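The structure appears below as structure tokens.
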Amino acid sequence: MSGSLPRPVRWGTVSSSAASRPGPIADVAPLSLCAREPHVPADRLVAEMVPPPRFDAVRFGTYIPDPNQPSQTEAVRVLEGFAAGLDGKQGGDSGRRRLFGFGKAPKKAPSGPRGVYLDGGYGVGKTHLLASLWHATPAEPALKAFGTFVELTNLVGALGFQQTVKTLSGHRLLCIDEFELDDPGDTVLVSTLLGKLVEAGVALAATSNTLPGKLGEGRFAAADFLREIQGLSAHFRALRIDGEDYRHRGLPEAPPPYSDDVVTRVAHATEGASLDAFPDLLDHLARVHPSRYGALTDGIGAVCLTGVRPVPDQSTALRLVVLADRLYDREVPVLASGLPFDQLFSEEMLKGGYRKKYFRAISRLTALARDAKRLADTV
């Protein structure tokens, strides 16, 4: 069984005497995500390419391999050796300096594998291992980058392709979590980017996810990854990680949606909570670049939403997926009224090319809704 560290708790502070009274525990004016239009400088976009807060403390030593799955132990051994080989002496200047064009170009990459691909099913601890690799690589944080496939494509969208190459080519290591092949254009874009980075001497590591409950059936496998990145395949060593999904064993069912009144009372009772109507939030997301969704949630202790309903189209759905990822990374509980989160996406969407993203969003929002139940219990 792969290990998972306890989550930090970020609930609003409530006195026991206040908790016994009906109605709002405190009258805190809630924040609004719709009122925020963050402007994120380019250097912050790069500086924030680090493992998310829930993986701050993970290390290879905190990953507990399942004794019945020897591939997990082998993956740790190989990744520890891979990290030790990245001594931080080659690779040029930091991403921040390269962002503005300073410094010499990095050395060319040596021949042979320059990357690892973690090939495994849903919930076997691949992100834990990827973050552990980032932490174990002996280079200063400014010389290492960690982000999801979507975050990487968003970075290219915000900076432009050439500037992204210049920015990342000074790094020692680029970790890409949840590599996706559901958009041919994005796959070509990222494959081309990785080719440039390999030429610049950057080491690569990547993972992917598969559909919940579909282990062994239509799994995103190493063969798919290596085929799609074509010319880069020689630079990757695939590591198979077997195991069952640890995240859904023994967990309680997700709580049903609450009433508008309960959601509003929790928003007023919780320090740092936001309160928005779900349709308004979807409209607002269309006006904010996805690369800024992390900044959109800065300082938010809980997200309260009223009137959750199915998303109307695929563009809106994909923006919501990115927001769900950022909230999950930051462990922000989500309390909502309206429909349950497993009804956000139409049957057609859940059977289409982006279904992997939608299932991930449902899983993550459900986990955050489960966390938010503790907030609702105080009002």
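Residues in the structure tokens are numbered from 1 in each chain, the chains being A, B, ... in the order shown, and ligands are numbered from 1 in the order shown.
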> Any idea what's packed within 8 Å of A:Val165, counting only C-alpha atoms, ignoring anything in its chain fewer than 3 positions away? Could you give it as a ChimeraX atom specification?
Replying inline: /A:161-162,168-169,193,196-197
Write out the residues from the selection above, keeping all heavy atoms, as a compact mmCIF listing (two decimals), in the first residue's frame.
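Once written, out_16.txt looks like this:
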# COMPACT_ATOMS: atom_id res chain seq x y z
N PHE A 161 5.57 30.17 -26.55
CA PHE A 161 6.41 28.97 -26.64
C PHE A 161 7.89 29.29 -26.46
O PHE A 161 8.58 28.64 -25.65
CB PHE A 161 6.18 28.29 -28.00
CG PHE A 161 6.94 27.01 -28.15
CD1 PHE A 161 6.45 25.82 -27.64
CD2 PHE A 161 8.17 26.98 -28.80
CE1 PHE A 161 7.15 24.62 -27.78
CE2 PHE A 161 8.89 25.80 -28.94
CZ PHE A 161 8.38 24.63 -28.42
N GLN A 162 8.41 30.25 -27.19
CA GLN A 162 9.84 30.53 -27.13
C GLN A 162 10.26 30.99 -25.75
O GLN A 162 11.33 30.60 -25.26
CB GLN A 162 10.21 31.58 -28.19
CG GLN A 162 10.02 31.12 -29.63
CD GLN A 162 10.87 29.90 -29.96
OE1 GLN A 162 11.95 29.69 -29.40
NE2 GLN A 162 10.38 29.07 -30.88
N LEU A 168 12.54 27.50 -19.05
CA LEU A 168 12.73 26.18 -18.45
C LEU A 168 14.03 25.51 -18.85
O LEU A 168 14.45 24.54 -18.21
CB LEU A 168 11.55 25.27 -18.82
CG LEU A 168 10.18 25.69 -18.29
CD1 LEU A 168 9.11 24.70 -18.76
CD2 LEU A 168 10.18 25.78 -16.77
N SER A 169 14.69 26.00 -19.88
CA SER A 169 15.89 25.30 -20.36
C SER A 169 17.06 25.42 -19.39
O SER A 169 18.04 24.68 -19.53
CB SER A 169 16.30 25.84 -21.73
OG SER A 169 16.62 27.22 -21.67
N LEU A 193 8.00 20.98 -26.97
CA LEU A 193 8.65 21.67 -25.86
C LEU A 193 9.65 20.76 -25.15
O LEU A 193 10.79 21.16 -24.87
CB LEU A 193 7.59 22.16 -24.86
CG LEU A 193 8.10 22.76 -23.55
CD1 LEU A 193 8.90 24.03 -23.81
CD2 LEU A 193 6.94 23.03 -22.60
N LYS A 196 12.88 20.34 -27.04
CA LYS A 196 13.79 21.48 -26.86
C LYS A 196 14.49 21.42 -25.50
O LYS A 196 15.68 21.73 -25.39
CB LYS A 196 13.00 22.78 -26.98
CG LYS A 196 12.37 23.03 -28.34
CD LYS A 196 13.42 23.34 -29.38
CE LYS A 196 12.76 23.74 -30.70
NZ LYS A 196 13.78 24.02 -31.76
N LEU A 197 13.76 21.02 -24.49
CA LEU A 197 14.34 20.98 -23.14
C LEU A 197 15.36 19.85 -23.01
O LEU A 197 16.38 20.01 -22.35
CB LEU A 197 13.23 20.83 -22.10
CG LEU A 197 12.24 22.00 -22.04
CD1 LEU A 197 11.19 21.75 -20.95
CD2 LEU A 197 12.95 23.32 -21.80
>> Quick one: residues within 10 Å of A:Asp377, only C-alpha atoms, excluding same-chain residues fewer than 4 positions away - as a list in words?
In response: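 My list of contacting residues is Ala19, Val262, Val266, Ala372 and Lys373 of chain A.
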Neighbour list for A:Glu151 as a PDB file with N, CA, C and O atoms, in the first residue's frame, cut-off 9 Å, only C-alpha atoms, skip fewer than 2 positions in-chain:
ATOM      1  N   MET A  49       5.875  26.673  -9.839  1.00  0.00           N
ATOM      2  CA  MET A  49       5.945  25.316 -10.388  1.00  0.00           C
ATOM      3  C   MET A  49       6.733  24.429  -9.434  1.00  0.00           C
ATOM      4  O   MET A  49       7.887  24.036  -9.691  1.00  0.00           O
ATOM      5  N   GLY A 147       4.806  20.485 -12.257  1.00  0.00           N
ATOM      6  CA  GLY A 147       3.461  20.945 -12.589  1.00  0.00           C
ATOM      7  C   GLY A 147       2.698  19.870 -13.322  1.00  0.00           C
ATOM      8  O   GLY A 147       3.271  18.886 -13.815  1.00  0.00           O
ATOM      9  N   THR A 148       1.393  20.040 -13.390  1.00  0.00           N
ATOM     10  CA  THR A 148       0.582  19.116 -14.172  1.00  0.00           C
ATOM     11  C   THR A 148       0.736  19.432 -15.654  1.00  0.00           C
ATOM     12  O   THR A 148       1.221  20.504 -16.047  1.00  0.00           O
ATOM     13  N   PHE A 149       0.306  18.509 -16.477  1.00  0.00           N
ATOM     14  CA  PHE A 149       0.308  18.720 -17.923  1.00  0.00           C
ATOM     15  C   PHE A 149      -0.467  19.994 -18.268  1.00  0.00           C
ATOM     16  O   PHE A 149      -0.027  20.806 -19.091  1.00  0.00           O
ATOM     17  N   THR A 153       0.824  23.475 -20.184  1.00  0.00           N
ATOM     18  CA  THR A 153       0.236  24.082 -21.380  1.00  0.00           C
ATOM     19  C   THR A 153      -0.252  25.496 -21.079  1.00  0.00           C
ATOM     20  O   THR A 153      -0.158  26.392 -21.928  1.00  0.00           O
ATOM     21  N   ASN A 154      -0.756  25.717 -19.860  1.00  0.00           N
ATOM     22  CA  ASN A 154      -1.176  27.073 -19.480  1.00  0.00           C
ATOM     23  C   ASN A 154       0.013  28.021 -19.403  1.00  0.00           C
ATOM     24  O   ASN A 154      -0.093  29.209 -19.721  1.00  0.00           O
ATOM     25  N   LEU A 155       1.162  27.501 -18.947  1.00  0.00           N
ATOM     26  CA  LEU A 155       2.362  28.325 -18.892  1.00  0.00           C
ATOM     27  C   LEU A 155       2.768  28.759 -20.300  1.00  0.00           C
ATOM     28  O   LEU A 155       3.122  29.925 -20.523  1.00  0.00           O
ATOM     29  N   VAL A 156       2.707  27.828 -21.257  1.00  0.00           N
ATOM     30  CA  VAL A 156       3.017  28.179 -22.640  1.00  0.00           C
ATOM     31  C   VAL A 156       2.028  29.224 -23.145  1.00  0.00           C
ATOM     32  O   VAL A 156       2.409  30.178 -23.844  1.00  0.00           O
ATOM     33  N   ILE A 176       6.319  16.385 -14.766  1.00  0.00           N
ATOM     34  CA  ILE A 176       4.986  16.623 -15.327  1.00  0.00           C
ATOM     35  C   ILE A 176       4.040  15.581 -14.773  1.00  0.00           C
ATOM     36  O   ILE A 176       4.155  14.384 -15.074  1.00  0.00           O
ATOM     37  N   PRO A 290      -6.654  30.350 -17.127  1.00  0.00           N
ATOM     38  CA  PRO A 290      -6.479  29.215 -16.208  1.00  0.00           C
ATOM     39  C   PRO A 290      -5.160  29.226 -15.452  1.00  0.00           C
ATOM     40  O   PRO A 290      -5.071  28.666 -14.357  1.00  0.00           O
ATOM     41  N   SER A 291      -4.125  29.848 -15.997  1.00  0.00           N
ATOM     42  CA  SER A 291      -2.847  29.917 -15.286  1.00  0.00           C
ATOM     43  C   SER A 291      -2.958  30.748 -14.017  1.00  0.00           C
ATOM     44  O   SER A 291      -2.064  30.703 -13.167  1.00  0.00           O
ATOM     45  N   VAL A 322      -9.752  22.582 -14.159  1.00  0.00           N
ATOM     46  CA  VAL A 322      -8.535  23.246 -13.701  1.00  0.00           C
ATOM     47  C   VAL A 322      -8.740  23.841 -12.309  1.00  0.00           C
ATOM     48  O   VAL A 322      -7.880  23.723 -11.431  1.00  0.00           O
TER      49      VAL A 322
END
> Interatomic distance between atom CA of A:Glu244 and atom CA of A:Gly121?
Replying inline: 7.6 Å
>> Taking 6 positions as the minimum chain separation for residues in the same chain, which residues sit within 7 Å of A:Pro310 when counting only C-alpha atoms? Answer as a list in words.
In response: Gln343, Leu344 and Phe345 of chain A
> Which neighbours of stretch 33-40 of chain A fall inside 12 Å, counting only C-alpha atoms, when residues of the same chain fewer than 2 positions from it are skipped, and could you give them as a VMD selection string?
Replying inline: chain A and resid 30 to 31 42 to 48 155 158 to 159 272 to 305 323
> For the atom pair atom CA of A:Leu204 and atom CA of A:Val116, what is the interatomic distance in Å to one decimal place?
Replying inline: 6.5 Å
>> If we count only C-alpha atoms and set the cut-off at 10 Å, which residues sit around stretch 77-86 of chain A, ignoring sequence neighbours fewer than 2 positions away in its own chain? Please answer as JSON, numbers by chain.
In response: {"A": [60, 71, 72, 73, 74, 75, 88, 89, 90, 91, 114, 115, 116, 118, 129, 130, 132, 133, 134, 135, 136, 137, 138, 139, 172, 173, 202, 203, 205, 239]}
>> If I take atom CA of A:Pro257 and atom CA of A:Ser337, how far is one from the other in Å, to one decimal?
In response: 4.8 Å
> So, counting only C-alpha atoms, which residue among A:Ala145, A:Cys175, A:Ala324, A:Ala206 is closest to A:Lys357?
Replying inline: A:Ala324
Which polymer residues have any atom within 9 Å of an atom of A:Val28, counting only C-alpha atoms, with same-chain residues fewer than 5 positions away left out, as a PDB file with all heavy atoms, in the first residue's frame?
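out-v1.pdb, freshly written:
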ATOM      1  N   ALA A 267     -20.655  30.000   5.140  1.00  0.00           N
ATOM      2  CA  ALA A 267     -19.795  31.047   4.572  1.00  0.00           C
ATOM      3  C   ALA A 267     -19.622  32.208   5.534  1.00  0.00           C
ATOM      4  O   ALA A 267     -18.536  32.788   5.656  1.00  0.00           O
ATOM      5  CB  ALA A 267     -20.376  31.538   3.247  1.00  0.00           C
ATOM      6  N   HIS A 268     -20.702  32.559   6.254  1.00  0.00           N
ATOM      7  CA  HIS A 268     -20.637  33.665   7.215  1.00  0.00           C
ATOM      8  C   HIS A 268     -19.992  33.244   8.530  1.00  0.00           C
ATOM      9  O   HIS A 268     -19.611  34.103   9.324  1.00  0.00           O
ATOM     10  CB  HIS A 268     -22.042  34.209   7.474  1.00  0.00           C
ATOM     11  CG  HIS A 268     -22.543  35.113   6.389  1.00  0.00           C
ATOM     12  ND1 HIS A 268     -22.374  36.472   6.411  1.00  0.00           N
ATOM     13  CD2 HIS A 268     -23.185  34.827   5.229  1.00  0.00           C
ATOM     14  CE1 HIS A 268     -22.901  37.009   5.325  1.00  0.00           C
ATOM     15  NE2 HIS A 268     -23.407  36.029   4.585  1.00  0.00           N
ATOM     16  N   ALA A 269     -19.879  31.950   8.760  1.00  0.00           N
ATOM     17  CA  ALA A 269     -19.329  31.460  10.029  1.00  0.00           C
ATOM     18  C   ALA A 269     -17.869  31.044   9.923  1.00  0.00           C
ATOM     19  O   ALA A 269     -17.257  30.708  10.930  1.00  0.00           O
ATOM     20  CB  ALA A 269     -20.162  30.271  10.530  1.00  0.00           C
ATOM     21  N   THR A 270     -17.307  31.055   8.711  1.00  0.00           N
ATOM     22  CA  THR A 270     -15.968  30.519   8.493  1.00  0.00           C
ATOM     23  C   THR A 270     -15.029  31.603   8.008  1.00  0.00           C
ATOM     24  O   THR A 270     -15.254  32.209   6.951  1.00  0.00           O
ATOM     25  CB  THR A 270     -16.012  29.368   7.459  1.00  0.00           C
ATOM     26  OG1 THR A 270     -16.958  28.379   7.884  1.00  0.00           O
ATOM     27  CG2 THR A 270     -14.643  28.729   7.319  1.00  0.00           C
ATOM     28  N   GLU A 271     -14.004  31.840   8.765  1.00  0.00           N
ATOM     29  CA  GLU A 271     -13.000  32.828   8.380  1.00  0.00           C
ATOM     30  C   GLU A 271     -12.333  32.429   7.067  1.00  0.00           C
ATOM     31  O   GLU A 271     -11.914  31.287   6.881  1.00  0.00           O
ATOM     32  CB  GLU A 271     -11.929  32.926   9.472  1.00  0.00           C
ATOM     33  CG  GLU A 271     -10.967  34.081   9.288  1.00  0.00           C
ATOM     34  CD  GLU A 271     -11.586  35.425   9.620  1.00  0.00           C
ATOM     35  OE1 GLU A 271     -12.479  35.456  10.497  1.00  0.00           O
ATOM     36  OE2 GLU A 271     -11.183  36.414   8.993  1.00  0.00           O
ATOM     37  N   GLY A 272     -12.278  33.356   6.124  1.00  0.00           N
ATOM     38  CA  GLY A 272     -11.616  33.095   4.852  1.00  0.00           C
ATOM     39  C   GLY A 272     -12.449  32.347   3.836  1.00  0.00           C
ATOM     40  O   GLY A 272     -11.928  31.951   2.789  1.00  0.00           O
ATOM     41  N   ALA A 273     -13.751  32.137   4.113  1.00  0.00           N
ATOM     42  CA  ALA A 273     -14.604  31.423   3.164  1.00  0.00           C
ATOM     43  C   ALA A 273     -15.061  32.353   2.044  1.00  0.00           C
ATOM     44  O   ALA A 273     -15.235  33.560   2.238  1.00  0.00           O
ATOM     45  CB  ALA A 273     -15.820  30.828   3.873  1.00  0.00           C
TER      46      ALA A 273
END
>> From the options A:Val321, A:Gly185, A:Lys166, A:Pro340, which residue's atoms come nearest to A:Tyr354, counting only C-alpha atoms?
In response: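 For A:Tyr354, the nearest of the given residues is A:Val321.
Secondary structure of stretch 33-196 of chain A, strand (DSSP E or B) only (DSSP, backbone atoms): A:Gly115, A:Val116, A:Tyr117, A:Leu118, A:Asp119, A:Gly120, A:Lys144, A:Ala145, A:Phe146, A:Gly147, A:Thr148, A:Leu173, A:Leu174, A:Cys175, A:Ile176, A:Asp177.
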Written selection (N, CA and C atoms) as a tab-separated table (two decimals), in the first residue's frame:
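Output below, filename part.tsv:
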chain	number	residue	atom	x	y	z
A	115	GLY	N	14.97	10.71	-18.89
A	115	GLY	CA	13.70	10.87	-18.23
A	115	GLY	C	13.15	9.55	-17.73
A	116	VAL	N	12.18	9.64	-16.83
A	116	VAL	CA	11.48	8.46	-16.34
A	116	VAL	C	9.98	8.70	-16.49
A	117	TYR	N	9.28	7.66	-16.85
A	117	TYR	CA	7.82	7.73	-16.95
A	117	TYR	C	7.23	6.72	-15.99
A	118	LEU	N	6.41	7.18	-15.05
A	118	LEU	CA	5.79	6.31	-14.07
A	118	LEU	C	4.47	5.81	-14.63
A	119	ASP	N	4.44	4.55	-14.97
A	119	ASP	CA	3.31	3.92	-15.65
A	119	ASP	C	2.53	3.10	-14.64
A	120	GLY	N	1.32	3.54	-14.32
A	120	GLY	CA	0.54	2.79	-13.35
A	120	GLY	C	-0.90	3.25	-13.30
A	144	LYS	N	14.43	23.49	-10.45
A	144	LYS	CA	13.53	22.35	-10.60
A	144	LYS	C	12.12	22.87	-10.82
A	145	ALA	N	11.35	22.22	-11.67
A	145	ALA	CA	9.97	22.63	-11.92
A	145	ALA	C	9.06	21.41	-11.81
A	146	PHE	N	7.87	21.64	-11.24
A	146	PHE	CA	6.89	20.58	-11.03
A	146	PHE	C	5.52	21.15	-11.37
A	147	GLY	N	4.81	20.48	-12.26
A	147	GLY	CA	3.46	20.95	-12.59
A	147	GLY	C	2.70	19.87	-13.32
A	148	THR	N	1.39	20.04	-13.39
A	148	THR	CA	0.58	19.12	-14.17
A	148	THR	C	0.74	19.43	-15.65
A	173	LEU	N	15.57	19.75	-13.74
A	173	LEU	CA	14.53	18.72	-13.75
A	173	LEU	C	13.17	19.36	-14.00
A	174	LEU	N	12.39	18.73	-14.85
A	174	LEU	CA	11.00	19.10	-15.06
A	174	LEU	C	10.13	17.88	-14.79
A	175	CYS	N	9.24	17.98	-13.81
A	175	CYS	CA	8.30	16.91	-13.47
A	175	CYS	C	6.92	17.28	-13.99
A	176	ILE	N	6.32	16.39	-14.77
A	176	ILE	CA	4.99	16.62	-15.33
A	176	ILE	C	4.04	15.58	-14.77
A	177	ASP	N	3.10	16.01	-13.97
A	177	ASP	CA	2.12	15.10	-13.38
A	177	ASP	C	0.88	15.05	-14.26
